[in-house]
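**Q** Below is input_2.pdb; it holds PDB, C-alpha atoms.
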ATOM      1  CA  MET V 954       3.962 -14.047 -64.636
ATOM      2  CA  THR V 955       5.967 -16.328 -62.362
ATOM      3  CA  GLY V 956       6.671 -13.474 -59.974
ATOM      4  CA  SER V 957       2.974 -12.591 -59.768
ATOM      5  CA  ARG V 958       2.070 -16.219 -59.098
ATOM      6  CA  THR V 959       4.755 -16.509 -56.410
ATOM      7  CA  LYS V 960       3.525 -13.328 -54.780
ATOM      8  CA  LYS V 961      -0.052 -14.624 -54.766
ATOM      9  CA  ILE V 962       0.999 -17.952 -53.224
ATOM     10  CA  HIS V 963       3.051 -16.103 -50.619
ATOM     11  CA  ARG V 964       0.103 -13.881 -49.697
ATOM     12  CA  THR V 965      -2.203 -16.881 -49.367
ATOM     13  CA  ALA V 966       0.300 -18.756 -47.192
ATOM     14  CA  ALA V 967       0.841 -15.686 -45.009
ATOM     15  CA  PHE V 968      -2.879 -15.269 -44.520
ATOM     16  CA  GLY V 969      -3.175 -18.966 -43.752
ATOM     17  CA  THR V 970      -0.575 -18.581 -41.029
ATOM     18  CA  ARG V 971      -2.318 -15.546 -39.553
ATOM     19  CA  SER V 972      -5.693 -17.242 -39.770
ATOM     20  CA  LEU V 973      -4.387 -20.346 -38.014
ATOM     21  CA  ALA V 974      -2.743 -18.281 -35.280
ATOM     22  CA  PHE V 975      -5.885 -16.196 -34.811
ATOM     23  CA  THR V 976      -8.065 -19.305 -34.601
ATOM     24  CA  GLY V 977      -5.740 -20.772 -31.973
ATOM     25  CA  LEU V 978      -5.902 -17.552 -29.978
ATOM     26  CA  MET V 979      -9.697 -17.528 -30.120
ATOM     27  CA  ALA V 980      -9.772 -21.189 -29.043
ATOM     28  CA  ALA V 981      -7.735 -20.190 -26.002
ATOM     29  CA  MET V 982     -10.100 -17.279 -25.324
ATOM     30  CA  SER V 983     -13.090 -19.638 -25.559
ATOM     31  CA  PHE V 984     -11.442 -21.908 -23.022
ATOM     32  CA  ILE V 985     -10.695 -19.019 -20.653
ATOM     33  CA  ALA V 986     -14.187 -17.524 -20.965
ATOM     34  CA  TYR V 987     -15.734 -20.887 -20.112
ATOM     35  CA  GLU V 988     -13.298 -22.030 -17.445
ATOM     36  CA  PHE V 989     -13.022 -18.835 -15.422
ATOM     37  CA  PHE V 990     -16.208 -16.877 -16.161
ATOM     38  CA  ARG V 991     -19.103 -19.279 -15.665
ATOM     39  CA  ILE V 992     -21.741 -20.462 -13.234
ATOM     40  CA  PRO V 993     -21.551 -24.276 -13.399
ATOM     41  CA  ASN V 994     -24.088 -27.054 -12.908
ATOM     42  CA  VAL V 995     -27.270 -24.954 -12.844
ATOM     43  CA  PHE V 996     -29.911 -26.741 -10.704
ATOM     44  CA  GLY V 997     -27.811 -29.896 -10.802
ATOM     45  CA  THR V 998     -28.391 -30.433 -14.529
ATOM     46  CA  GLY V 999     -24.807 -29.979 -15.748
ATOM     47  CA  ALA V1000     -25.739 -26.843 -17.725
ATOM     48  CA  SER V1001     -23.584 -23.749 -17.172
ATOM     49  CA  PHE V1002     -23.922 -20.028 -17.702
ATOM     50  CA  HIS V1003     -20.810 -18.962 -19.650
ATOM     51  CA  LEU V1004     -19.464 -16.709 -22.417
ATOM     52  CA  GLY V1005     -17.356 -19.243 -24.310
ATOM     53  CA  ASN V1006     -19.549 -19.092 -27.403
ATOM     54  CA  THR V1007     -18.680 -15.407 -27.807
ATOM     55  CA  PHE V1008     -15.403 -16.252 -29.478
ATOM     56  CA  THR V1009     -16.924 -18.878 -31.747
ATOM     57  CA  ALA V1010     -19.214 -16.241 -33.262
ATOM     58  CA  LEU V1011     -16.547 -13.536 -33.230
ATOM     59  CA  THR V1012     -14.012 -15.666 -35.106
ATOM     60  CA  ALA V1013     -16.625 -16.684 -37.679
ATOM     61  CA  MET V1014     -17.453 -13.032 -38.271
ATOM     62  CA  LEU V1015     -13.853 -11.863 -38.515
ATOM     63  CA  LEU V1016     -12.521 -14.813 -40.523
ATOM     64  CA  ASP V1017     -14.924 -17.509 -41.719
ATOM     65  CA  GLY V1018     -17.363 -20.097 -40.432
ATOM     66  CA  LEU V1019     -14.952 -23.026 -40.298
ATOM     67  CA  SER V1020     -12.352 -21.047 -38.357
ATOM     68  CA  GLY V1021     -15.027 -19.888 -35.924
ATOM     69  CA  GLY V1022     -16.399 -23.381 -35.498
ATOM     70  CA  LEU V1023     -12.956 -24.845 -34.868
ATOM     71  CA  ALA V1024     -12.061 -22.103 -32.378
ATOM     72  CA  GLY V1025     -15.099 -22.889 -30.246
ATOM     73  CA  ALA V1026     -14.955 -26.638 -30.814
ATOM     74  CA  ILE V1027     -11.312 -26.952 -29.792
ATOM     75  CA  GLY V1028     -11.395 -24.511 -26.887
ATOM     76  CA  LEU V1029     -14.607 -25.734 -25.284
ATOM     77  CA  SER V1030     -14.005 -29.434 -25.942
ATOM     78  CA  MET V1031     -10.645 -29.039 -24.210
ATOM     79  CA  ALA V1032     -12.434 -27.429 -21.279
ATOM     80  CA  ASP V1033     -14.731 -30.474 -21.023
ATOM     81  CA  ILE V1034     -11.807 -32.881 -21.150
ATOM     82  CA  LEU V1035      -9.794 -31.045 -18.507
ATOM     83  CA  ALA V1036     -12.898 -30.844 -16.315
ATOM     84  CA  GLY V1037     -13.094 -34.656 -16.402
ATOM     85  CA  ASP V1038     -16.100 -34.800 -18.750
ATOM     86  CA  PRO V1039     -14.737 -36.366 -21.966
ATOM     87  CA  GLY V1040     -18.220 -37.701 -22.756
ATOM     88  CA  TYR V1041     -19.390 -34.129 -23.254
ATOM     89  CA  ALA V1042     -16.409 -33.186 -25.417
ATOM     90  CA  VAL V1043     -17.668 -34.916 -28.571
ATOM     91  CA  SER V1044     -21.094 -33.268 -28.489
ATOM     92  CA  THR V1045     -19.472 -29.949 -27.583
ATOM     93  CA  PHE V1046     -17.181 -30.189 -30.601
ATOM     94  CA  VAL V1047     -20.110 -30.795 -32.955
ATOM     95  CA  LEU V1048     -22.321 -28.102 -31.430
ATOM     96  CA  LYS V1049     -19.659 -25.386 -31.527
ATOM     97  CA  LEU V1050     -18.724 -26.299 -35.077
ATOM     98  CA  ILE V1051     -22.366 -25.787 -36.050
ATOM     99  CA  ILE V1052     -22.428 -22.371 -34.367
ATOM    100  CA  GLY V1053     -19.366 -21.245 -36.286
ATOM    101  CA  LEU V1054     -20.558 -22.530 -39.648
ATOM    102  CA  VAL V1055     -23.984 -20.901 -39.292
ATOM    103  CA  CYS V1056     -22.520 -17.589 -38.086
ATOM    104  CA  GLY V1057     -20.017 -17.626 -40.920
ATOM    105  CA  PHE V1058     -22.689 -18.347 -43.516
ATOM    106  CA  PHE V1059     -24.913 -15.498 -42.388
ATOM    107  CA  ALA V1060     -22.020 -13.090 -41.839
ATOM    108  CA  HIS V1061     -20.369 -13.571 -45.224
ATOM    109  CA  ARG V1062     -23.085 -14.945 -47.523
ATOM    110  CA  VAL V1063     -26.260 -13.267 -46.272
ATOM    111  CA  PHE V1064     -25.268 -10.036 -44.503
ATOM    112  CA  ARG V1065     -21.832  -9.727 -46.184
ATOM    113  CA  ILE V1066     -20.377  -7.753 -43.321
ATOM    114  CA  LYS V1067     -16.853  -7.818 -44.789
ATOM    115  CA  ASP V1068     -18.134  -5.725 -47.686
ATOM    116  CA  LEU V1069     -19.489  -3.055 -45.340
ATOM    117  CA  SER V1070     -17.493  -0.050 -44.246
ATOM    118  CA  PRO V1071     -18.144   1.032 -40.641
ATOM    119  CA  LYS V1072     -17.609   4.640 -41.734
ATOM    120  CA  SER V1073     -19.774   4.773 -44.850
ATOM    121  CA  THR V1074     -22.557   2.322 -43.961
ATOM    122  CA  PRO V1075     -25.492   3.796 -42.001
ATOM    123  CA  ARG V1076     -24.876   2.977 -38.349
ATOM    124  CA  VAL V1077     -28.205   1.250 -37.722
ATOM    125  CA  GLN V1078     -27.899  -0.906 -40.856
ATOM    126  CA  TYR V1079     -24.342  -1.877 -39.943
ATOM    127  CA  LEU V1080     -25.325  -2.780 -36.381
ATOM    128  CA  ILE V1081     -28.303  -4.844 -37.558
ATOM    129  CA  ARG V1082     -26.155  -6.875 -39.953
ATOM    130  CA  VAL V1083     -23.419  -7.478 -37.404
ATOM    131  CA  THR V1084     -25.935  -8.441 -34.729
ATOM    132  CA  GLY V1085     -27.792 -10.734 -37.120
ATOM    133  CA  SER V1086     -24.528 -12.441 -38.024
ATOM    134  CA  ALA V1087     -23.629 -13.139 -34.405
ATOM    135  CA  MET V1088     -27.139 -14.090 -33.345
ATOM    136  CA  SER V1089     -27.756 -16.548 -36.200
ATOM    137  CA  GLY V1090     -25.552 -19.407 -35.037
ATOM    138  CA  LEU V1091     -26.138 -18.712 -31.367
ATOM    139  CA  LEU V1092     -29.915 -18.968 -31.790
ATOM    140  CA  VAL V1093     -29.515 -22.202 -33.741
ATOM    141  CA  ASN V1094     -27.592 -23.463 -30.714
ATOM    142  CA  VAL V1095     -30.659 -22.830 -28.545
ATOM    143  CA  VAL V1096     -32.311 -25.671 -30.487
ATOM    144  CA  THR V1097     -29.388 -27.957 -31.232
ATOM    145  CA  ASP V1098     -27.848 -27.925 -27.745
ATOM    146  CA  PRO V1099     -30.883 -29.330 -25.871
ATOM    147  CA  VAL V1100     -31.688 -31.815 -28.654
ATOM    148  CA  VAL V1101     -28.161 -33.199 -28.812
ATOM    149  CA  GLY V1102     -27.985 -33.083 -25.015
ATOM    150  CA  TYR V1103     -31.147 -35.165 -24.704
ATOM    151  CA  PHE V1104     -29.867 -37.981 -26.906
ATOM    152  CA  ARG V1105     -26.422 -37.860 -25.300
ATOM    153  CA  ASP V1106     -27.708 -38.025 -21.723
ATOM    154  CA  ARG V1107     -30.507 -40.479 -22.384
ATOM    155  CA  TYR V1108     -28.862 -42.979 -24.722
ATOM    156  CA  LEU V1109     -25.116 -42.485 -24.254
ATOM    157  CA  PHE V1110     -25.023 -41.848 -20.516
ATOM    158  CA  GLY V1111     -28.162 -43.879 -19.765
ATOM    159  CA  GLN V1112     -29.712 -41.307 -17.444
ATOM    160  CA  PRO V1113     -33.374 -41.699 -16.388
ATOM    161  CA  ALA V1114     -35.884 -40.296 -18.881
ATOM    162  CA  GLU V1115     -37.639 -38.044 -16.365
ATOM    163  CA  PHE V1116     -34.390 -36.456 -15.232
ATOM    164  CA  VAL V1117     -33.241 -35.954 -18.814
ATOM    165  CA  LYS V1118     -36.500 -34.199 -19.733
ATOM    166  CA  TYR V1119     -36.103 -31.915 -16.726
ATOM    167  CA  ALA V1120     -32.446 -31.253 -17.544
ATOM    168  CA  VAL V1121     -33.247 -30.453 -21.173
ATOM    169  CA  LYS V1122     -35.804 -27.825 -20.158
ATOM    170  CA  ILE V1123     -33.279 -26.157 -17.844
ATOM    171  CA  ALA V1124     -30.535 -26.443 -20.461
ATOM    172  CA  GLY V1125     -32.751 -24.783 -23.065
ATOM    173  CA  GLY V1126     -33.285 -21.747 -20.843
ATOM    174  CA  VAL V1127     -29.618 -21.574 -19.879
ATOM    175  CA  THR V1128     -28.551 -21.860 -23.518
ATOM    176  CA  PHE V1129     -30.898 -19.034 -24.510
ATOM    177  CA  VAL V1130     -29.398 -16.742 -21.851
ATOM    178  CA  ASN V1131     -25.886 -17.740 -22.901
ATOM    179  CA  SER V1132     -26.758 -17.005 -26.530
ATOM    180  CA  MET V1133     -28.059 -13.525 -25.786
ATOM    181  CA  LEU V1134     -25.058 -12.644 -23.621
ATOM    182  CA  SER V1135     -22.616 -14.072 -26.159
ATOM    183  CA  THR V1136     -24.324 -12.180 -28.992
ATOM    184  CA  PHE V1137     -23.985  -8.917 -27.083
ATOM    185  CA  CYS V1138     -20.305  -9.549 -26.303
ATOM    186  CA  ALA V1139     -19.464 -10.758 -29.837
ATOM    187  CA  VAL V1140     -21.031  -7.660 -31.399
ATOM    188  CA  LEU V1141     -19.144  -5.312 -29.053
ATOM    189  CA  LEU V1142     -15.848  -7.081 -29.696
ATOM    190  CA  TYR V1143     -16.400  -7.136 -33.464
ATOM    191  CA  LEU V1144     -17.169  -3.424 -33.570
ATOM    192  CA  ALA V1145     -14.001  -2.711 -31.586
ATOM    193  CA  LEU V1146     -11.631  -5.202 -33.204
ATOM    194  CA  ARG V1147     -12.508  -5.157 -36.899
ATOM    195  CA  PRO V1148     -11.231  -1.606 -37.605
ATOM    196  CA  ALA V1149      -8.029  -2.234 -35.642
ATOM    197  CA  LEU V1150      -7.300  -5.615 -37.246
ATOM    198  CA  THR V1151      -8.133  -4.387 -40.741
ATOM    199  CA  GLY V1152      -6.000  -1.289 -40.320
ATOM    200  CA  SER V1153      -3.031  -3.339 -39.151
ATOM    201  CA  GLY V1154      -3.351  -5.776 -42.057
ATOM    202  CA  LEU V1155      -4.164  -8.783 -39.868
ATOM    203  CA  LEU V1156      -7.371  -9.536 -41.773
ATOM    204  CA  PRO V1157      -7.486 -10.499 -45.462
ATOM    205  CA  SER V1158      -8.918  -8.132 -48.019
ATOM    206  CA  ALA V1159     -12.000  -9.120 -49.998
ATOM    207  CA  GLY V1160      -9.844 -10.448 -52.820
ATOM    208  CA  GLU V1161      -7.896 -12.825 -50.551
ATOM    209  CA  ASP V1162     -10.796 -14.723 -48.909
TER
END
Represent the structure from my file as structure tokens, please.

**A**
Amino acid sequence: MTGSRTKKIHRTAAFGTRSLAFTGLMAAMSFIAYEFFRIPNVFGTGASFHLGNTFTALTAMLLDGLSGGLAGAIGLSMADILAGDPGYAVSTFVLKLIIGLVCGFFAHRVFRIKDLSPKSTPRVQYLIRVTGSAMSGLLVNVVTDPVVGYFRDRYLFGQPAEFVKYAVKIAGGVTFVNSMLSTFCAVLLYLALRPALTGSGLLPSAGED
């Protein structure tokens, strides 16, 4: 009895360590994707084309929503701070956390992608569920990013109302493009990484979530 309990605690702790390390790695990947693979300041609005959100969704799908949210929140907030924009870091943290939580909810509560086997599940059904999981939080971000950005720029930064309205329209379009690109990349990476990580024992089994 004691041995079984000790073994269970050990497994949970080991998974916690792997989960934490994986989340840190994905935070670093979010930072890299944003910092080195982006088109900044589109039309002078501060919005950027980038792929940083890819790893927020991917982590939420592979692990859970909170891990995904923290990966994106930490990595992309750090990018804002190092770029000299600490005022953006707070809103970035909140927005990326929302993406991760929504992606995680749809991935594991609605589509239940961890319960699906890539080999036995019909390919189209599997692809639809994986794509829906990634797209869920990223599409929510198409709404939340401009809304939060409007209140931040207008009332926190005190920018003129006309400019903020213009910037929000541009940001909405940029965010939509980012979301579609990040969905595509997250799905490709999930399809490639899940079998490898599961086979190597780096992901928890259904009984260890």

**Q** For a test of reading the model, state the distance in Å between atom CA of V:Arg971 and atom CA of V:Leu1150, rounded to one decimal.

**A**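 Taking atom CA of V:Arg971 as the start and atom CA of V:Leu1150 as the end point, the length is 11.3 Å.
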
**Q** Hey, could you make a per-residue contact list for stretch 960-1044 of chain V against stretch 1135-1149 of chain V with 7 Å as the cut-off, showing the nearest pair of atoms and its distance in Å to one decimal, counting only C-alpha atoms, sorted by chain and number, as a Markdown table?

**A**
| residue | atom | partner | partner_atom | distance |
| --- | --- | --- | --- | --- |
| V:Leu1004 | CA | V:Ser1135 | CA | 5.6 |
| V:Asn1006 | CA | V:Ser1135 | CA | 6.0 |
| V:Thr1007 | CA | V:Ser1135 | CA | 4.5 |
| V:Phe1008 | CA | V:Ala1139 | CA | 6.8 |
| V:Ala1010 | CA | V:Ala1139 | CA | 6.5 |
| V:Leu1011 | CA | V:Ala1139 | CA | 5.3 |

**Q** Atom CA of V:Val1083 and atom CA of V:Val1043 are how many Å apart?

**A** 29.4 Å

**Q** Care to translate the PyMOL selection byres ((chain V and resi 1113-1130) around 7) into actual residues of this file, as a PyMOL selection string?

**A** chain V and resi 998+1000-1002+1095+1099+1103+1106-1107+1111-1112+1131-1134

**Q** Return the single residue from V:Leu1069, V:Met1031, V:Val995, V:Ala1060 that is closest to V:Met1088, with distances computed using only C-alpha atoms.

**A**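 Residue with the minimum atom-to-atom distance to V:Met1088: V:Ala1060.
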
**Q** Between atom CA of V:Arg1105 and atom CA of V:Tyr1041, what is the spacing in Å?

**A**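 Going from atom CA of V:Tyr1041 over to atom CA of V:Arg1105, I get 8.2 Å.
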
**Q** Report the residues retrieved by the PyMOL selection byres ((chain V and resi 1044) around 9) from the displayed file, expressed as an mmCIF file with C-alpha atoms, keeping the file's coordinate frame.

**A**
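The file below, part.cif, is the result:
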data_model
loop_
_atom_site.group_PDB
_atom_site.id
_atom_site.type_symbol
_atom_site.label_atom_id
_atom_site.label_comp_id
_atom_site.auth_asym_id
_atom_site.auth_seq_id
_atom_site.Cartn_x
_atom_site.Cartn_y
_atom_site.Cartn_z
ATOM 1 C CA SER V 1030 -14.005 -29.434 -25.942
ATOM 2 C CA GLY V 1040 -18.220 -37.701 -22.756
ATOM 3 C CA TYR V 1041 -19.390 -34.129 -23.254
ATOM 4 C CA ALA V 1042 -16.409 -33.186 -25.417
ATOM 5 C CA VAL V 1043 -17.668 -34.916 -28.571
ATOM 6 C CA THR V 1045 -19.472 -29.949 -27.583
ATOM 7 C CA PHE V 1046 -17.181 -30.189 -30.601
ATOM 8 C CA VAL V 1047 -20.110 -30.795 -32.955
ATOM 9 C CA LEU V 1048 -22.321 -28.102 -31.430
ATOM 10 C CA LYS V 1049 -19.659 -25.386 -31.527
ATOM 11 C CA ASP V 1098 -27.848 -27.925 -27.745
ATOM 12 C CA VAL V 1101 -28.161 -33.199 -28.812
ATOM 13 C CA GLY V 1102 -27.985 -33.083 -25.015
ATOM 14 C CA ARG V 1105 -26.422 -37.860 -25.300
#

**Q** Could you give me the centre and size, in Å to one decimal, of an axis-aligned box around all listed atoms of stretch 1065-1068 of chain V with 5 Å added on every side, as JSON?

**A**
{"center_x": -19.3, "center_y": -7.7, "center_z": -45.5, "size_x": 15.0, "size_y": 14.0, "size_z": 14.4}

**Q** Which residue out of V:Phe1058, V:Phe1064, V:Phe984, V:Phe990 has the minimum interatomic distance to V:Ala1026 when all atoms listed in the file are used?

**A** V:Phe984

**Q** Let me make sure I understand: among V:Thr1084, V:Asp1033, V:Ser1070, V:Ala1024, which one has the smallest atom-to-atom distance to V:Glu988 if we use all atoms listed in the file?

**A**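 Among V:Thr1084, V:Asp1033, V:Ser1070, V:Ala1024, it is V:Asp1033 that comes nearest to V:Glu988.
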
**Q** Just the residues within 7 Å of V:Gly1053, please, counting only C-alpha atoms, with nothing from its chain fewer than 4 positions along; format it as a ChimeraX atom specification.

**A** /V:1009-1010,1013,1018-1019,1021-1022,1049,1057,1090

**Q** My list of candidates is V:Asn1094, V:Thr1151, V:Gln1078, V:Ser1020. Which is closest to V:Gly969 when distances are computed with only C-alpha atoms?

**A**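 Nearest to V:Gly969: V:Ser1020.
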
**Q** Rank nothing, just name the residue among V:Leu1023, V:Ile1081, V:Ala986, V:Met1014 nearest to V:Arg1062, using all atoms listed in the file.

**A**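 Checking each candidate against V:Arg1062, we get V:Met1014 as the closest.
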
**Q** Between V:Asp1017, V:Thr970, V:Arg991, V:Leu1091, which residue has the minimum interatomic distance to V:His1061, considering only C-alpha atoms?

**A** V:Asp1017
